[in-house]
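Novice: I am sharing coords.txt, which consists of compact mmCIF, C-alpha atoms and all ligand atoms:
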```txt
# COMPACT_ATOMS: atom_id res chain seq x y z
CA MET L 1 -46.63 87.05 26.09
CA ILE L 2 -48.88 87.45 23.06
CA ALA L 3 -45.92 86.91 20.71
CA GLU L 4 -44.95 83.83 22.72
CA GLU L 5 -48.45 82.37 22.46
CA ILE L 6 -48.44 82.96 18.68
CA ARG L 7 -45.00 81.29 18.32
CA ARG L 8 -46.27 78.29 20.26
CA GLY L 9 -49.73 77.83 18.77
CA GLY L 10 -50.03 80.01 15.65
CA PRO L 11 -52.03 83.19 14.95
CA LEU L 12 -54.67 84.16 17.55
CA PRO L 13 -58.33 84.68 16.74
CA LEU L 14 -59.27 88.30 17.53
CA ASP L 15 -61.34 87.26 20.56
CA ARG L 16 -58.31 85.62 22.16
CA PHE L 17 -56.18 88.69 21.42
CA MET L 18 -58.85 90.97 22.98
CA THR L 19 -59.13 88.74 26.04
CA LEU L 20 -55.37 88.84 26.63
CA ALA L 21 -55.02 92.57 25.94
CA LEU L 22 -57.98 93.56 28.14
CA HIS L 23 -58.10 90.90 30.86
CA HIS L 24 -54.73 89.23 31.27
CA PRO L 25 -54.51 88.81 35.09
CA THR L 26 -51.30 90.82 35.49
CA HIS L 27 -50.95 92.87 32.28
CA GLY L 28 -54.51 93.28 30.93
CA TYR L 29 -55.76 96.79 30.29
CA TYR L 30 -58.65 96.63 32.79
CA ARG L 31 -56.59 94.78 35.41
CA THR L 32 -53.97 97.51 35.68
CA ARG L 33 -55.69 100.90 35.67
CA ASP L 34 -58.67 103.21 35.97
CA PRO L 35 -59.25 104.02 32.29
CA LEU L 36 -62.00 106.60 32.84
CA GLY L 37 -62.10 110.38 32.95
CA ALA L 38 -60.11 113.34 31.67
CA GLY L 39 -56.76 111.85 32.74
CA GLY L 40 -57.62 108.40 31.35
CA ASP L 41 -58.54 107.08 27.94
CA PHE L 42 -62.31 107.64 27.58
CA VAL L 43 -65.34 109.23 29.22
CA THR L 44 -68.70 107.50 29.73
CA ALA L 45 -72.25 108.82 30.15
CA PRO L 46 -72.44 108.62 33.97
CA GLU L 47 -69.19 110.59 34.20
CA LEU L 48 -70.68 113.40 32.09
CA SER L 49 -73.72 114.31 34.19
CA GLN L 50 -75.37 113.12 37.39
CA ALA L 51 -78.71 113.50 35.58
CA PHE L 52 -77.93 110.32 33.57
CA GLY L 53 -77.77 108.09 36.67
CA GLU L 54 -80.64 109.90 38.35
CA VAL L 55 -83.15 109.27 35.57
CA ILE L 56 -81.96 105.65 35.36
CA GLY L 57 -82.56 105.44 39.12
CA ALA L 58 -86.12 106.61 38.52
CA TRP L 59 -86.48 103.96 35.77
CA LEU L 60 -85.28 101.24 38.15
CA ALA L 61 -87.61 102.38 40.93
CA ARG L 62 -90.60 102.38 38.56
CA ALA L 63 -89.64 98.93 37.25
CA TRP L 64 -89.32 97.63 40.83
CA LEU L 65 -92.77 98.99 41.76
CA ASP L 66 -94.21 97.36 38.61
CA LEU L 67 -92.63 94.04 39.66
CA GLY L 68 -94.63 94.23 42.90
CA GLN L 69 -91.75 95.51 45.09
CA PRO L 70 -89.92 92.19 45.55
CA THR L 71 -87.76 92.14 48.70
CA PRO L 72 -84.95 91.29 48.72
CA PHE L 73 -83.89 91.88 45.11
CA ARG L 74 -80.50 91.89 43.39
CA LEU L 75 -79.33 95.24 42.00
CA VAL L 76 -76.55 94.10 39.68
CA GLU L 77 -74.23 96.28 37.65
CA LEU L 78 -71.95 94.74 35.04
CA GLY L 79 -68.68 96.70 34.73
CA PRO L 80 -69.52 99.54 37.15
CA GLY L 81 -66.41 101.62 36.27
CA ARG L 82 -65.92 104.22 39.01
CA GLY L 83 -69.27 103.45 40.65
CA THR L 84 -70.66 106.80 39.52
CA LEU L 85 -73.83 105.42 37.93
CA LEU L 86 -74.63 103.40 41.06
CA GLU L 87 -73.98 106.35 43.34
CA ASP L 88 -76.41 108.51 41.33
CA VAL L 89 -78.97 105.68 41.17
CA LEU L 90 -78.78 105.18 44.95
CA ARG L 91 -79.17 108.89 45.68
CA ALA L 92 -82.12 109.22 43.29
CA THR L 93 -83.95 106.24 44.82
CA ARG L 94 -83.35 107.17 48.48
CA ARG L 95 -86.93 108.28 49.06
CA VAL L 96 -88.63 105.34 47.35
CA PRO L 97 -90.17 103.50 50.33
CA GLY L 98 -88.72 100.01 50.72
CA PHE L 99 -86.32 100.19 47.76
CA HIS L 100 -83.12 100.55 49.77
CA ASP L 101 -84.26 98.06 52.41
CA GLY L 102 -84.82 95.46 49.71
CA LEU L 103 -81.76 95.98 47.57
CA ARG L 104 -78.68 93.79 47.65
CA LEU L 105 -75.79 95.26 45.64
CA HIS L 106 -73.79 93.00 43.33
CA LEU L 107 -70.97 94.33 41.16
CA VAL L 108 -69.51 92.26 38.34
CA GLU L 109 -66.00 93.65 37.95
CA THR L 110 -62.67 92.00 37.20
CA GLY L 111 -60.37 95.03 37.52
CA GLU L 112 -58.72 95.49 40.94
CA PRO L 113 -58.03 99.23 40.46
CA LEU L 114 -61.70 99.85 39.62
CA ARG L 115 -62.92 97.60 42.46
CA ALA L 116 -60.92 99.79 44.87
CA ILE L 117 -62.55 102.97 43.53
CA GLN L 118 -66.01 101.34 43.68
CA ALA L 119 -65.38 100.34 47.31
CA THR L 120 -64.55 103.95 48.22
CA ARG L 121 -67.56 105.35 46.36
CA LEU L 122 -69.95 102.87 47.98
CA ALA L 123 -68.35 102.90 51.45
CA GLY L 124 -70.79 102.03 54.20
CA ARG L 125 -72.88 99.74 52.04
CA HIS L 126 -72.77 95.99 51.88
CA VAL L 127 -71.44 95.18 48.41
CA GLY L 128 -70.72 91.83 46.78
CA TRP L 129 -68.06 91.74 44.04
CA HIS L 130 -68.15 88.99 41.44
CA ALA L 131 -66.10 87.87 38.45
CA GLY L 132 -69.24 86.96 36.49
CA LEU L 133 -73.05 86.87 36.62
CA ALA L 134 -73.02 83.16 37.51
CA GLU L 135 -71.64 84.10 40.96
CA VAL L 136 -74.59 86.39 41.75
CA PRO L 137 -77.09 84.48 43.96
CA PRO L 138 -80.59 83.85 42.57
CA GLY L 139 -83.46 86.26 43.16
CA PRO L 140 -85.40 89.01 41.37
CA LEU L 141 -82.96 91.02 39.29
CA LEU L 142 -82.55 94.68 38.38
CA LEU L 143 -79.49 94.69 36.10
CA LEU L 144 -77.56 97.57 34.52
CA ALA L 145 -74.83 97.36 31.88
CA ASN L 146 -73.54 100.66 30.51
CA GLU L 147 -70.66 100.37 28.04
CA PHE L 148 -69.97 96.82 29.21
CA PHE L 149 -70.89 94.58 26.28
CA ASP L 150 -68.64 96.58 23.90
CA ALA L 151 -65.63 95.41 25.94
CA LEU L 152 -66.44 91.71 25.55
CA PRO L 153 -64.37 89.96 22.88
CA VAL L 154 -65.50 89.26 19.30
CA HIS L 155 -64.35 87.14 16.39
CA GLN L 156 -64.00 88.85 13.03
CA LEU L 157 -64.82 86.84 9.91
CA VAL L 158 -63.93 88.03 6.43
CA GLY L 159 -65.76 86.88 3.31
CA SER L 160 -63.73 85.23 0.55
CA ALA L 161 -64.16 82.64 -2.18
CA ARG L 162 -63.62 79.97 0.52
CA GLY L 163 -66.48 81.27 2.65
CA TRP L 164 -66.00 83.09 5.99
CA SER L 165 -62.38 83.04 7.21
CA GLU L 166 -61.25 84.18 10.63
CA ARG L 167 -59.16 87.35 10.91
CA CYS L 168 -56.28 86.54 13.24
CA VAL L 169 -53.41 88.34 14.92
CA ALA L 170 -50.08 86.99 13.65
CA LEU L 171 -46.37 87.80 13.99
CA GLY L 172 -44.83 89.48 10.94
CA ASP L 173 -41.29 88.84 9.67
CA ASP L 174 -40.18 91.98 11.51
CA GLY L 175 -41.52 90.56 14.80
CA ARG L 176 -44.43 93.00 14.96
CA LEU L 177 -48.07 92.00 15.32
CA GLU L 178 -50.17 92.08 12.16
CA PHE L 179 -53.60 90.96 11.00
CA ARG L 180 -53.71 87.83 8.85
CA LEU L 181 -56.60 85.84 7.43
CA ALA L 182 -56.78 82.15 8.39
CA ALA L 183 -56.40 79.86 5.39
CA ALA L 184 -59.40 77.63 6.14
CA ALA L 185 -63.04 78.66 6.44
CA SER L 186 -64.29 79.10 10.03
CA PRO L 187 -67.07 76.97 11.54
CA LEU L 188 -68.48 80.24 12.99
CA GLY L 189 -69.47 81.13 9.41
CA ALA L 190 -72.30 78.58 9.62
CA GLN L 191 -74.48 81.11 11.53
CA LEU L 192 -73.92 83.86 8.91
CA PRO L 193 -75.50 84.55 5.52
CA GLU L 194 -73.49 83.49 2.46
CA ALA L 195 -70.09 85.21 2.37
CA THR L 196 -69.52 88.04 -0.07
CA ARG L 197 -65.93 88.89 -0.93
CA GLY L 198 -64.41 91.44 1.45
CA ALA L 199 -67.43 91.62 3.79
CA VAL L 200 -66.59 91.62 7.52
CA ALA L 201 -68.81 90.09 10.20
CA GLU L 202 -68.23 90.35 13.94
CA VAL L 203 -69.53 87.44 16.01
CA SER L 204 -69.38 87.35 19.80
CA PRO L 205 -70.19 84.08 21.55
CA ALA L 206 -69.18 85.77 24.85
CA ARG L 207 -71.84 88.46 24.45
CA SER L 208 -74.52 86.02 23.33
CA GLU L 209 -73.80 83.64 26.20
CA LEU L 210 -74.11 86.44 28.76
CA ALA L 211 -77.29 87.83 27.18
CA ARG L 212 -78.80 84.32 27.22
CA ALA L 213 -77.87 83.95 30.91
CA ILE L 214 -79.47 87.30 31.81
CA GLY L 215 -82.60 86.34 29.87
CA GLY L 216 -82.72 83.00 31.69
CA ARG L 217 -82.46 84.58 35.13
CA ILE L 218 -85.21 87.08 34.37
CA ALA L 219 -87.43 84.26 33.08
CA ASP L 220 -86.78 82.19 36.24
CA ASP L 221 -86.74 84.82 39.01
CA GLY L 222 -88.37 87.92 37.47
CA GLY L 223 -86.74 91.29 36.93
CA VAL L 224 -85.53 93.71 34.28
CA ALA L 225 -82.25 94.53 32.60
CA LEU L 226 -81.11 97.72 30.89
CA VAL L 227 -78.26 97.47 28.39
CA ILE L 228 -76.81 100.72 27.04
CA ASP L 229 -74.04 100.71 24.47
CA TYR L 230 -72.94 101.89 21.05
CA GLY L 231 -73.96 99.77 18.14
CA ALA L 232 -76.91 98.93 15.95
CA TRP L 233 -79.44 96.27 15.01
CA ALA L 234 -77.39 94.56 12.29
CA GLU L 235 -79.48 93.34 9.34
CA GLY L 236 -76.45 91.72 7.67
CA PRO L 237 -72.72 91.45 8.38
CA THR L 238 -71.73 94.10 10.94
CA GLY L 239 -68.58 95.37 9.19
CA ASP L 240 -65.28 96.01 10.96
CA THR L 241 -65.97 98.17 14.06
CA LEU L 242 -62.85 97.36 16.09
CA GLN L 243 -61.46 100.46 17.72
CA ALA L 244 -58.60 101.13 20.08
CA THR L 245 -58.52 104.25 22.24
CA ARG L 246 -55.68 105.74 24.25
CA GLY L 247 -55.72 109.20 25.81
CA HIS L 248 -59.09 110.05 24.19
CA ALA L 249 -57.73 109.42 20.67
CA PRO L 250 -57.95 106.45 18.31
CA CYS L 251 -54.79 104.34 18.04
CA ASP L 252 -53.55 101.15 16.35
CA PRO L 253 -55.20 98.16 18.09
CA LEU L 254 -52.05 96.04 17.63
CA ASP L 255 -49.69 98.64 19.06
CA ALA L 256 -48.69 98.05 22.72
CA PRO L 257 -51.57 95.71 23.63
CA GLY L 258 -52.72 96.13 27.22
CA SER L 259 -52.19 99.89 27.14
CA ALA L 260 -55.25 100.86 25.08
CA ASP L 261 -58.97 100.19 25.38
CA LEU L 262 -60.32 97.83 22.71
CA THR L 263 -64.01 97.76 21.81
CA THR L 264 -66.36 96.89 18.99
CA HIS L 265 -69.89 98.08 18.36
CA VAL L 266 -72.58 95.91 19.87
CA ASP L 267 -74.77 93.94 17.46
CA PHE L 268 -78.09 94.44 19.27
CA ARG L 269 -79.82 91.94 17.06
CA ALA L 270 -77.54 89.10 18.19
CA LEU L 271 -77.87 90.27 21.80
CA ALA L 272 -81.68 90.45 21.58
CA GLN L 273 -81.98 87.01 20.01
CA ALA L 274 -79.77 85.43 22.68
CA ALA L 275 -81.73 87.10 25.52
CA ARG L 276 -84.99 85.93 23.92
CA ASP L 277 -83.57 82.40 23.61
CA GLY L 278 -82.79 82.62 27.33
CA GLY L 279 -86.49 83.30 28.01
CA ALA L 280 -86.83 87.10 28.32
CA ALA L 281 -89.02 89.53 26.41
CA VAL L 282 -86.85 92.07 24.57
CA TYR L 283 -87.70 95.78 24.27
CA GLY L 284 -86.00 98.21 21.86
CA PRO L 285 -83.28 99.06 21.17
CA VAL L 286 -84.24 102.73 21.18
CA PRO L 287 -81.74 105.55 20.65
CA GLN L 288 -80.24 106.82 23.92
CA GLY L 289 -81.40 110.39 23.19
CA THR L 290 -85.03 109.27 22.82
CA PHE L 291 -84.84 107.09 25.93
CA LEU L 292 -83.30 109.73 28.20
CA SER L 293 -85.71 112.39 26.94
CA SER L 294 -88.69 110.16 27.65
CA LEU L 295 -87.39 109.65 31.21
CA GLY L 296 -87.25 113.43 31.72
CA ILE L 297 -83.52 114.18 31.57
CA HIS L 298 -84.27 117.69 30.27
CA LEU L 299 -86.51 118.44 33.27
CA ARG L 300 -84.00 116.97 35.70
CA THR L 301 -81.18 119.04 34.16
CA ALA L 302 -83.34 122.19 34.35
CA LYS L 303 -83.80 121.53 38.08
CA LEU L 304 -80.04 121.07 38.58
CA LEU L 305 -79.35 124.28 36.60
CA GLU L 306 -81.42 126.30 39.10
CA GLN L 307 -78.86 125.68 41.85
CA ALA L 308 -75.67 125.48 39.76
CA ALA L 309 -72.77 127.94 39.60
CA PRO L 310 -72.06 129.40 36.11
CA ALA L 311 -69.20 126.96 35.29
CA GLN L 312 -71.33 124.01 36.41
CA ARG L 313 -74.22 125.30 34.33
CA ARG L 314 -72.11 125.28 31.18
CA GLN L 315 -71.00 121.73 32.02
CA LEU L 316 -74.55 120.48 32.66
CA ARG L 317 -75.81 121.94 29.37
CA ALA L 318 -72.87 120.54 27.40
CA ALA L 319 -73.40 117.10 28.98
CA LEU L 320 -77.14 117.13 28.20
CA PHE L 321 -76.31 117.90 24.56
CA ARG L 322 -73.67 115.16 24.39
CA LEU L 323 -75.92 112.54 25.96
CA THR L 324 -79.02 113.26 23.88
CA ASP L 325 -78.15 114.97 20.59
CA ALA L 326 -78.10 112.85 17.44
CA SER L 327 -74.73 114.35 16.43
CA ALA L 328 -73.13 113.12 19.69
CA MET L 329 -74.20 110.06 21.73
CA GLY L 330 -77.98 110.38 21.23
CA GLU L 331 -78.25 108.14 18.13
CA LEU L 332 -75.11 106.00 18.15
CA PHE L 333 -75.85 104.74 21.66
CA LYS L 334 -78.85 102.45 22.01
CA VAL L 335 -80.88 101.20 24.96
CA LEU L 336 -82.20 97.65 25.11
CA ALA L 337 -84.42 96.39 27.93
CA LEU L 338 -85.24 92.84 28.97
CA GLY L 339 -88.23 91.81 31.04
CA HIS L 340 -90.25 88.79 32.10
CA PRO L 341 -92.43 87.55 29.21
CA THR L 342 -95.68 88.04 31.17
CA ALA L 343 -94.79 91.42 32.74
CA PRO L 344 -95.91 94.79 31.30
CA ALA L 345 -93.45 96.82 29.19
CA PRO L 346 -90.84 98.61 31.30
CA PRO L 347 -91.04 102.46 31.38
CA GLY L 348 -89.82 104.14 28.17
CA PHE L 349 -90.66 101.13 25.95
CA ALA L 350 -93.72 100.05 23.95
CA ALA L 351 -94.50 96.45 22.90
CA PRO L 352 -91.66 93.90 22.91
CA THR L 353 -89.47 93.59 19.82
CA LEU L 354 -88.98 89.86 20.47
CA ARG L 355 -90.82 87.45 22.77
CA PRO L 356 -89.85 83.92 23.70
CA CYS L 357 -91.69 81.34 21.57
N1 LIG S 401 -70.10 101.20 33.22
C1 LIG S 401 -69.02 102.11 33.51
C2 LIG S 401 -67.65 101.62 33.00
C3 LIG S 401 -67.54 101.25 31.56
S1 LIG S 401 -65.91 100.67 31.17
C4 LIG S 401 -69.33 103.48 32.99
O1 LIG S 401 -70.27 103.62 32.22
O2 LIG S 401 -68.63 104.42 33.36
C5 LIG S 401 -66.10 98.91 31.20
C6 LIG S 401 -66.23 98.33 32.57
O3 LIG S 401 -66.44 96.92 32.45
C7 LIG S 401 -65.05 98.48 33.49
O4 LIG S 401 -65.53 98.59 34.80
C8 LIG S 401 -64.29 97.16 33.26
O5 LIG S 401 -63.38 96.87 34.26
C9 LIG S 401 -65.45 96.20 33.19
N2 LIG S 401 -65.22 94.96 32.44
C10 LIG S 401 -64.86 94.87 31.14
N3 LIG S 401 -64.84 93.59 30.76
C11 LIG S 401 -65.23 92.84 31.83
C12 LIG S 401 -65.42 91.44 32.06
N4 LIG S 401 -65.19 90.56 31.10
N5 LIG S 401 -65.82 91.06 33.28
C13 LIG S 401 -66.05 91.95 34.25
N6 LIG S 401 -65.89 93.29 34.10
C14 LIG S 401 -65.47 93.72 32.90
```
Go ahead and render the structure in this file as structure tokens.
Ligand code: SAH
Specialist:
Amino acid sequence: MIAEEIRRGGPLPLDRFMTLALHHPTHGYYRTRDPLGAGGDFVTAPELSQAFGEVIGAWLARAWLDLGQPTPFRLVELGPGRGTLLEDVLRATRRVPGFHDGLRLHLVETGEPLRAIQATRLAGRHVGWHAGLAEVPPGPLLLLANEFFDALPVHQLVGSARGWSERCVALGDDGRLEFRLAAAASPLGAQLPEATRGAVAEVSPARSELARAIGGRIADDGGVALVIDYGAWAEGPTGDTLQATRGHAPCDPLDAPGSADLTTHVDFRALAQAARDGGAAVYGPVPQGTFLSSLGIHLRTAKLLEQAAPAQRRQLRAALFRLTDASAMGELFKVLALGHPTAPAPPGFAAPTLRPC
């Protein structure tokens, strides 16, 4: 189908290729499988240790109390995977008076196989599933997005004497997919600094649009959002961060599209600016290790260790290391929070990095 689209209309910008490979209604990667866990393609933080979701549950409860305990409120998760983070959040917040009475659960998920797993994990609760944030009814918002923004499509622009040209997916003479630079300069280059030869910049209108929408809802209805992902605050062009993963190993992104996960690092600067433009105050990003430590993940893990069997103990310690150590996920993963411009800083954050003008 990708080859057919290229034959009809010419090479595809990377964002179109990513959209087809990940979200094609019948053949897209996320539409056809559960990609998570040991038998899948990658493992995420909530799948490593229950302590991750539990301390985030505590963060949400604190944020809700600071908001003045609005009831009802929308607990929204973007891309909830297997529902593990939500399950841990719900267990950790069980004894917070009024929290469960007030919460309305909204899951933004396009994959049928994952929706089915989420339904099983959250059985007995009233859950709304949505294809996008726009479908979630208005109201005060507590929003979580862990490893969600990295899956949204990007354009890649490459610097040349002509300016910034789009890197596209084309069909080679042998009929295989290959990368090719568009001949003309791209209008997306207008938002970038002057092109230097060979530099690569990733630009994601899809991410910015969503961040702006989240910022707008928080400004209108109140609430907080927590975005956790790998990436950095880009001071210049981001570089090429496209990666494909199959069976826990890197693979060629153009090989067998639809059968491998495709992601790029999140440019937190672009995300923060879009959320600020939407009307939210932006906090961080702070490294995941620092954030989880400040929320007490070491104490929580120590408590879990007291009652764990030896094999579980090894697992809990290894997970704590992976989640927090700078050599693993502790530095590469960042945490960004959004809040209402007049509300106090959410727990774990100091003064805002950006405020609406
Ligand atoms: N947050 C989970 C899963 C991360 S994988 C965890 O940490 O374990 C990415 C998730 O986002 C999956 O649930 C995938 O189906 C969903 N997803 C990716 N792109 C999406 C999109 N454009 N719209 C809705 N859901 C999407």
Novice: Counting all atoms listed in the file, what residues are within 9 Å of ligand LIG 401 (chain S), given as an NGL selection string?
Specialist: :L and (19 or 22-23 or 29-31 or 33-37 or 42-47 or 77-85 or 107-115 or 130-133 or 144-153 or 206 or 228)
Novice: Set up a box along x, y and z of the file covering all listed atoms of range 133-149 of chain L, add 5 Å on every one of the six sides, and write the centre and edge lengths in Å to one decimal, as lines of an AutoDock Vina configuration file.
Specialist:
```
center_x = -77.7
center_y = 91.9
center_z = 35.1
size_x = 25.4
size_y = 27.5
size_z = 27.7
```
Novice: Which neighbours of range 306-316 of chain L fall inside 10 Å, counting all atoms listed in the file, when residues of the same chain fewer than 6 positions from it are skipped, and could you give them as JSON, numbers by chain?
Specialist: {"L": [48, 49, 50, 51, 322]}
Novice: CA of Arg276 in chain L and CA of Ala219 in chain L are how many Å apart?
Specialist: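 Distance reported for this atom pair: 9.6 Å.
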Novice: For Glu54 in chain L, work out the shell of residues within 12 Å, counting all atoms listed in the file and skipping chain neighbours fewer than 4 positions away, then give it as a PyMOL selection string.
Specialist: chain L and resi 45-46+49-50+58-61+84-94+292+295-301+304
Novice: So what do you get for CA of Pro285 in chain L versus CA of Pro347 in chain L, distance-wise?
Specialist: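 CA of Pro285 in chain L sits 13.3 Å away from CA of Pro347 in chain L.
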Novice: Which distance in Å separates CA of Ala195 in chain L and CA of Arg207 in chain L, to one decimal?
Specialist: 22.4 Å
Novice: Would you mind listing what lies within 7 Å of Arg180 in chain L as a list of chain:residue names, with all atoms listed in the file counted and same-chain residues fewer than 4 positions away left out?
Specialist: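 In the requested form, the answer reads L:Arg167, L:Cys168, L:Val169, L:Ala170.
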Novice: Taking into account all atoms listed in the file, which residue in the set L:Thr342, L:Arg217, L:Ala201, L:Gly40 is nearest to Val154 in chain L?
Specialist: L:Ala201
Novice: Looking at only C-alpha atoms, which of L:Ala116, L:Ala3, L:Ala337, L:Leu75 is the one that sits closest to Leu141 in chain L?
Specialist: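 The answer is L:Leu75, which sits nearest to Leu141 in chain L.
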Novice: Let me make sure I understand: among L:Gly189, L:Gly289, L:Gly215, L:Gly239, which one has the smallest atom-to-atom distance to Ala272 in chain L if we use all atoms listed in the file?
Specialist: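 So, comparing all the options, the nearest one is L:Gly215.
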Novice: Return the single residue from L:Phe73, L:Leu181, L:Leu271, L:Gly258 that is closest to Thr26 in chain L, with distances computed using all atoms listed in the file.
Specialist: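 Among the listed residues, the smallest separation from Thr26 in chain L belongs to L:Gly258.
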Novice: Taking into account only C-alpha atoms, which residue in the set L:Gly98, L:Pro356, L:Gly139, L:Pro13 is nearest to Gly339 in chain L?
Specialist: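 Of all the options, L:Pro356 lies closest to Gly339 in chain L.
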Novice: For Tyr230 in chain L, list every protein, DNA or RNA residue within 7 Å, evaluated using only C-alpha atoms, and leave out those in the same chain fewer than 4 positions away; present the list as a PDB file with C-alpha atoms, keeping the file's coordinate frame.
Specialist:
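Done, and the output landed in result-v3.pdb:
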```
ATOM      1  CA  HIS L 265     -69.890  98.080  18.360  1.00  0.00           C
ATOM      2  CA  VAL L 266     -72.580  95.910  19.870  1.00  0.00           C
ATOM      3  CA  LEU L 332     -75.110 106.000  18.150  1.00  0.00           C
ATOM      4  CA  PHE L 333     -75.850 104.740  21.660  1.00  0.00           C
ATOM      5  CA  LYS L 334     -78.850 102.450  22.010  1.00  0.00           C
TER       6      LYS L 334
END
```
Novice: Counting all atoms listed in the file, which residue out of L:Pro72, L:Pro97, L:Gly124, L:Gly284 sits closest to Ala350 in chain L?
Specialist: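 Ranked by minimum distance to Ala350 in chain L, first place goes to L:Gly284.
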